[in-house]
Amino acid sequence: DTAVSQTPKYLVTQMGNDKSIKCEQNLGHDTMYWYKQDSKKFLKIMFSYNNKELIINETVPNRFSPKSPDKAHLNLHINSLELGDSAVYFCASSRGPTSTDTQYFGPGTRLTVL
Amino acid sequence: GQNIDQPTEMTATEGAIVQINCTYQTSGFNGLFWYQQHAGEAPTFLSYNVLDGLEEKGRFSSFLSRSKGYSYLLLKELQMKDSASYLCAPFREYKLSFGAGTTVTVRA
C-alpha cells in the first residue's frame with residue numbers, strides 16, 4: 001500500500017511549457033507539502049497546506065501554483081517552465097503541521113526542462 | 001542551507017560505528033528530525049528529538065543539546081545498506097529546514 005504517491009515519476013519537457021505534478025496520500029493526514037531538491041541536494045520547502053488551506057508559502061516564483069482539492073491531494077502546477085526549474089520535487093504529508101508530526105515523503109518527480 | 005552544518009562525507013567499514021554531527025541555529029527551534037535518503041529515492045524518517053538527551057532506535061541513536069544547537073546521529077554495526085545520505089532537519093518557525101546531508105559510504 002503506497003502511503004504518499006506522486007505522478008509522474010519522470011517529466012521531461014521544453015522551456016516555456018506548463019506542467020502539473022500530482023500527489024495523493026492515503027494516511028488520513030491533514031497536512032501536505034511540496035519540496036524541491038536541486039542538483040546540490042538541498043531539500044527546500046515550497047508550500048504547505050493544512051486542511052486544504054495554505055499555511056506555508058516560501059519565496060517561490062508565482063509560476064508555481066499549488067492546489068489542494070481535498071485533504072488527500074496536493075497538486076503542483078508550473079507555468080512557463082525554465083531551465084532552473086529542473087530538480088526533483090517531493091510531496092510529503094504529516095498528521096498535522098506541528099513539530100511533533102513526522103513528515104512522510106513521496107517517491108519524487110524528477111523534472112527535466114530542456 | 002539555513003545555517004545547518006553537517007559534514008559532507010564520511011566513510012566507514014562494515015560493522016563499525018559512525019557519528020554524524022549537526023549544528024543549527026537555535027532561534028525558534030522546536031525539535032530535530034533525522035532522515036535517511038538513498039540515491040534516487042525519497043527521504044525516510046529515522047528519528048526525532050525534542051528534549052535534550054539520547055533517543056535509541058535499534059542500531060540508530062540520535063542525541064540533542066538544545067542549548068548548544070547541536071545534534072548527532074549514531075549509526076552502529078554498520079551494514080552496506082546504510083550507505084546513503086543522512087539529513088539533519090531542525091523544525092523552526094513552523095517548518096522543517098534541511099541540511100545538505102552527509103553522504104556515508106560503508107566499505108566491506
# chains A, B, ... in the order shown; residues from 1 in each chain; ligands from 1

$ residues_around --residues "Val18 in chain B" --least-positions-apart "6" --cutoff "7 Å" --atoms "only C-alpha atoms" --output "VMD selection string"
chain B and resid 12 74 to 76

$ residues_around --residues "range 57-72 of chain A" --least-positions-apart "4" --cutoff "7 Å" --atoms "only C-alpha atoms" --output "PyMOL selection string"
chain A and resi 24-26+30+45-48+51-52+76-80

$ interface_residues --of "chain A" --to "chain B" --cutoff "9 Å" --atoms "only C-alpha atoms" --output "NGL selection string"
:A and (40-45 or 48 or 56 or 90 or 97-100 or 102-108)

$ atom_distance --atom1 "CA of Leu64 in chain B" --atom2 "CA of Asp101 in chain A"
17.7 Å

$ residues_around --residues "Arg66 in chain B" --least-positions-apart "4" --cutoff "8 Å" --atoms "only C-alpha atoms" --output "VMD selection string"
chain B and resid 26 51 to 52 70

$ write_last_selection --atoms "N, CA and C atoms" --output "mmCIF file, in the first residue's frame"
data_model
loop_
_atom_site.group_PDB
_atom_site.id
_atom_site.type_symbol
_atom_site.label_atom_id
_atom_site.label_comp_id
_atom_site.auth_asym_id
_atom_site.auth_seq_id
_atom_site.Cartn_x
_atom_site.Cartn_y
_atom_site.Cartn_z
ATOM 1 N N THR B 26 19.580 28.172 16.900
ATOM 2 C CA THR B 26 18.647 27.785 17.965
ATOM 3 C C THR B 26 17.387 28.644 18.014
ATOM 4 N N LEU B 51 13.553 16.903 23.304
ATOM 5 C CA LEU B 51 14.186 17.182 24.587
ATOM 6 C C LEU B 51 15.666 16.800 24.515
ATOM 7 N N ASP B 52 16.446 17.394 25.415
ATOM 8 C CA ASP B 52 17.864 17.045 25.485
ATOM 9 C C ASP B 52 18.023 15.572 25.809
ATOM 10 N N TYR B 70 22.982 21.603 18.912
ATOM 11 C CA TYR B 70 23.818 20.500 18.451
ATOM 12 C C TYR B 70 23.063 19.189 18.537
#

$ atom_distance --atom1 "CA of Lys22 in chain A" --atom2 "CA of Cys88 in chain B"
27.0 Å

$ residues_around --residues "range 85-87 of chain A" --least-positions-apart "6" --cutoff "9 Å" --atoms "only C-alpha atoms" --output "list in words"
Lys36, Gln37, Asp38, Ser39, Thr109, Arg110, Leu111, Thr112, Val113 and Leu114 of chain A

$ select_by_dssp --residues "chain B" --states "strand (DSSP E or B)" --output "ChimeraX atom specification"
/B:5,9-13,18-23,29-37,44-49,53-57,60-65,70-75,84-92,95-96,102-107

$ atom_distance --atom1 "CA of Ser67 in chain B" --atom2 "CA of Ala84 in chain B"
28.9 Å

$ residues_around --residues "Glu56 in chain B" --least-positions-apart "3" --cutoff "10 Å" --atoms "only C-alpha atoms" --output "list of chain:residue names"
B:Ser47, B:Gly53, B:Arg59, B:Phe60, B:Ser61, B:Ser62, B:Phe63, B:Leu73, B:Leu74

$ write_last_selection --atoms "N, CA, C and O atoms" --output "mmCIF file, in the first residue's frame"
data_model
loop_
_atom_site.group_PDB
_atom_site.id
_atom_site.type_symbol
_atom_site.label_atom_id
_atom_site.label_comp_id
_atom_site.auth_asym_id
_atom_site.auth_seq_id
_atom_site.Cartn_x
_atom_site.Cartn_y
_atom_site.Cartn_z
ATOM 1 N N SER B 47 14.626 9.459 13.005
ATOM 2 C CA SER B 47 14.479 9.753 14.431
ATOM 3 C C SER B 47 14.040 11.192 14.646
ATOM 4 O O SER B 47 14.161 12.040 13.754
ATOM 5 N N GLY B 53 19.038 14.976 25.213
ATOM 6 C CA GLY B 53 19.339 13.591 25.563
ATOM 7 C C GLY B 53 19.386 12.692 24.353
ATOM 8 O O GLY B 53 19.365 13.143 23.208
ATOM 9 N N ARG B 59 19.775 0.079 15.820
ATOM 10 C CA ARG B 59 21.177 0.402 15.533
ATOM 11 C C ARG B 59 21.405 1.904 15.428
ATOM 12 O O ARG B 59 22.546 2.360 15.384
ATOM 13 N N PHE B 60 20.323 2.688 15.380
ATOM 14 C CA PHE B 60 20.456 4.128 15.229
ATOM 15 C C PHE B 60 20.078 4.835 16.534
ATOM 16 O O PHE B 60 19.084 4.486 17.169
ATOM 17 N N SER B 61 20.869 5.844 16.887
ATOM 18 C CA SER B 61 20.565 6.670 18.052
ATOM 19 C C SER B 61 20.746 8.119 17.644
ATOM 20 O O SER B 61 21.579 8.429 16.790
ATOM 21 N N SER B 62 19.983 9.008 18.275
ATOM 22 C CA SER B 62 20.162 10.430 17.998
ATOM 23 C C SER B 62 20.192 11.184 19.318
ATOM 24 O O SER B 62 19.448 10.869 20.250
ATOM 25 N N PHE B 63 21.063 12.187 19.362
ATOM 26 C CA PHE B 63 21.280 12.982 20.563
ATOM 27 C C PHE B 63 20.985 14.439 20.268
ATOM 28 O O PHE B 63 21.214 14.923 19.151
ATOM 29 N N LEU B 73 23.768 11.941 15.029
ATOM 30 C CA LEU B 73 23.154 10.652 14.684
ATOM 31 C C LEU B 73 24.253 9.608 14.765
ATOM 32 O O LEU B 73 25.310 9.774 14.161
ATOM 33 N N LEU B 74 23.988 8.560 15.534
ATOM 34 C CA LEU B 74 24.969 7.491 15.710
ATOM 35 C C LEU B 74 24.468 6.247 14.995
ATOM 36 O O LEU B 74 23.353 5.784 15.265
#

$ closest_residue --among "B:Gly15, B:Gln6, B:Leu54, B:Gly69" --to "Gly28 in chain B" --atoms "only C-alpha atoms"
B:Gly69

$ decode --residues "range 8-69 of chain B" --atoms "C-alpha atoms" --output "PDB file, in the first residue's frame"
ATOM      1  CA  THR B   8      29.700  16.472   3.596  1.00  0.00           C
ATOM      2  CA  GLU B   9      31.049  12.938   3.522  1.00  0.00           C
ATOM      3  CA  MET B  10      32.067  10.122   5.853  1.00  0.00           C
ATOM      4  CA  THR B  11      33.446   6.692   5.122  1.00  0.00           C
ATOM      5  CA  ALA B  12      33.443   3.722   7.464  1.00  0.00           C
ATOM      6  CA  THR B  13      33.889  -0.025   7.432  1.00  0.00           C
ATOM      7  CA  GLU B  14      31.104  -2.563   7.711  1.00  0.00           C
ATOM      8  CA  GLY B  15      30.435  -3.345  11.368  1.00  0.00           C
ATOM      9  CA  ALA B  16      31.912  -0.064  12.595  1.00  0.00           C
ATOM     10  CA  ILE B  17      30.247   2.928  14.261  1.00  0.00           C
ATOM     11  CA  VAL B  18      29.851   6.343  12.687  1.00  0.00           C
ATOM     12  CA  GLN B  19      28.701   9.601  14.314  1.00  0.00           C
ATOM     13  CA  ILE B  20      27.265  12.383  12.170  1.00  0.00           C
ATOM     14  CA  ASN B  21      27.298  15.779  13.871  1.00  0.00           C
ATOM     15  CA  CYS B  22      24.914  18.610  13.111  1.00  0.00           C
ATOM     16  CA  THR B  23      24.801  22.184  14.368  1.00  0.00           C
ATOM     17  CA  TYR B  24      21.922  24.580  13.723  1.00  0.00           C
ATOM     18  CA  GLN B  25      20.526  27.989  14.676  1.00  0.00           C
ATOM     19  CA  THR B  26      18.647  27.785  17.965  1.00  0.00           C
ATOM     20  CA  SER B  27      16.204  30.664  17.433  1.00  0.00           C
ATOM     21  CA  GLY B  28      12.625  29.411  17.077  1.00  0.00           C
ATOM     22  CA  PHE B  29      13.781  25.823  17.465  1.00  0.00           C
ATOM     23  CA  ASN B  30      11.119  23.207  18.176  1.00  0.00           C
ATOM     24  CA  GLY B  31      12.602  19.797  17.576  1.00  0.00           C
ATOM     25  CA  LEU B  32      15.011  17.983  15.272  1.00  0.00           C
ATOM     26  CA  PHE B  33      14.496  15.201  12.758  1.00  0.00           C
ATOM     27  CA  TRP B  34      16.992  12.919  11.060  1.00  0.00           C
ATOM     28  CA  TYR B  35      16.161  11.438   7.673  1.00  0.00           C
ATOM     29  CA  GLN B  36      17.940   8.864   5.524  1.00  0.00           C
ATOM     30  CA  GLN B  37      17.980   9.277   1.763  1.00  0.00           C
ATOM     31  CA  HIS B  38      19.326   6.633  -0.601  1.00  0.00           C
ATOM     32  CA  ALA B  39      20.419   7.854  -4.023  1.00  0.00           C
ATOM     33  CA  GLY B  40      17.431   8.457  -6.269  1.00  0.00           C
ATOM     34  CA  GLU B  41      14.913   7.777  -3.512  1.00  0.00           C
ATOM     35  CA  ALA B  42      12.751   9.708  -1.093  1.00  0.00           C
ATOM     36  CA  PRO B  43      13.929  10.754   2.367  1.00  0.00           C
ATOM     37  CA  THR B  44      12.732   8.336   5.046  1.00  0.00           C
ATOM     38  CA  PHE B  45      12.247   9.217   8.703  1.00  0.00           C
ATOM     39  CA  LEU B  46      14.856   7.912  11.152  1.00  0.00           C
ATOM     40  CA  SER B  47      14.479   9.753  14.431  1.00  0.00           C
ATOM     41  CA  TYR B  48      13.082  12.764  16.266  1.00  0.00           C
ATOM     42  CA  ASN B  49      14.397  14.647  19.307  1.00  0.00           C
ATOM     43  CA  VAL B  50      12.662  17.481  21.090  1.00  0.00           C
ATOM     44  CA  LEU B  51      14.186  17.182  24.587  1.00  0.00           C
ATOM     45  CA  ASP B  52      17.864  17.045  25.485  1.00  0.00           C
ATOM     46  CA  GLY B  53      19.339  13.591  25.563  1.00  0.00           C
ATOM     47  CA  LEU B  54      19.664  10.398  23.635  1.00  0.00           C
ATOM     48  CA  GLU B  55      16.937   8.577  21.717  1.00  0.00           C
ATOM     49  CA  GLU B  56      17.767   4.999  20.781  1.00  0.00           C
ATOM     50  CA  LYS B  57      16.131   3.031  17.987  1.00  0.00           C
ATOM     51  CA  GLY B  58      17.854  -0.230  17.279  1.00  0.00           C
ATOM     52  CA  ARG B  59      21.177   0.402  15.533  1.00  0.00           C
ATOM     53  CA  PHE B  60      20.456   4.128  15.229  1.00  0.00           C
ATOM     54  CA  SER B  61      20.565   6.670  18.052  1.00  0.00           C
ATOM     55  CA  SER B  62      20.162  10.430  17.998  1.00  0.00           C
ATOM     56  CA  PHE B  63      21.280  12.982  20.563  1.00  0.00           C
ATOM     57  CA  LEU B  64      20.166  16.558  21.111  1.00  0.00           C
ATOM     58  CA  SER B  65      21.502  19.513  23.086  1.00  0.00           C
ATOM     59  CA  ARG B  66      19.060  22.390  22.678  1.00  0.00           C
ATOM     60  CA  SER B  67      21.221  24.960  24.440  1.00  0.00           C
ATOM     61  CA  LYS B  68      24.199  24.201  22.210  1.00  0.00           C
ATOM     62  CA  GLY B  69      22.231  23.881  18.968  1.00  0.00           C
TER      63      GLY B  69
END
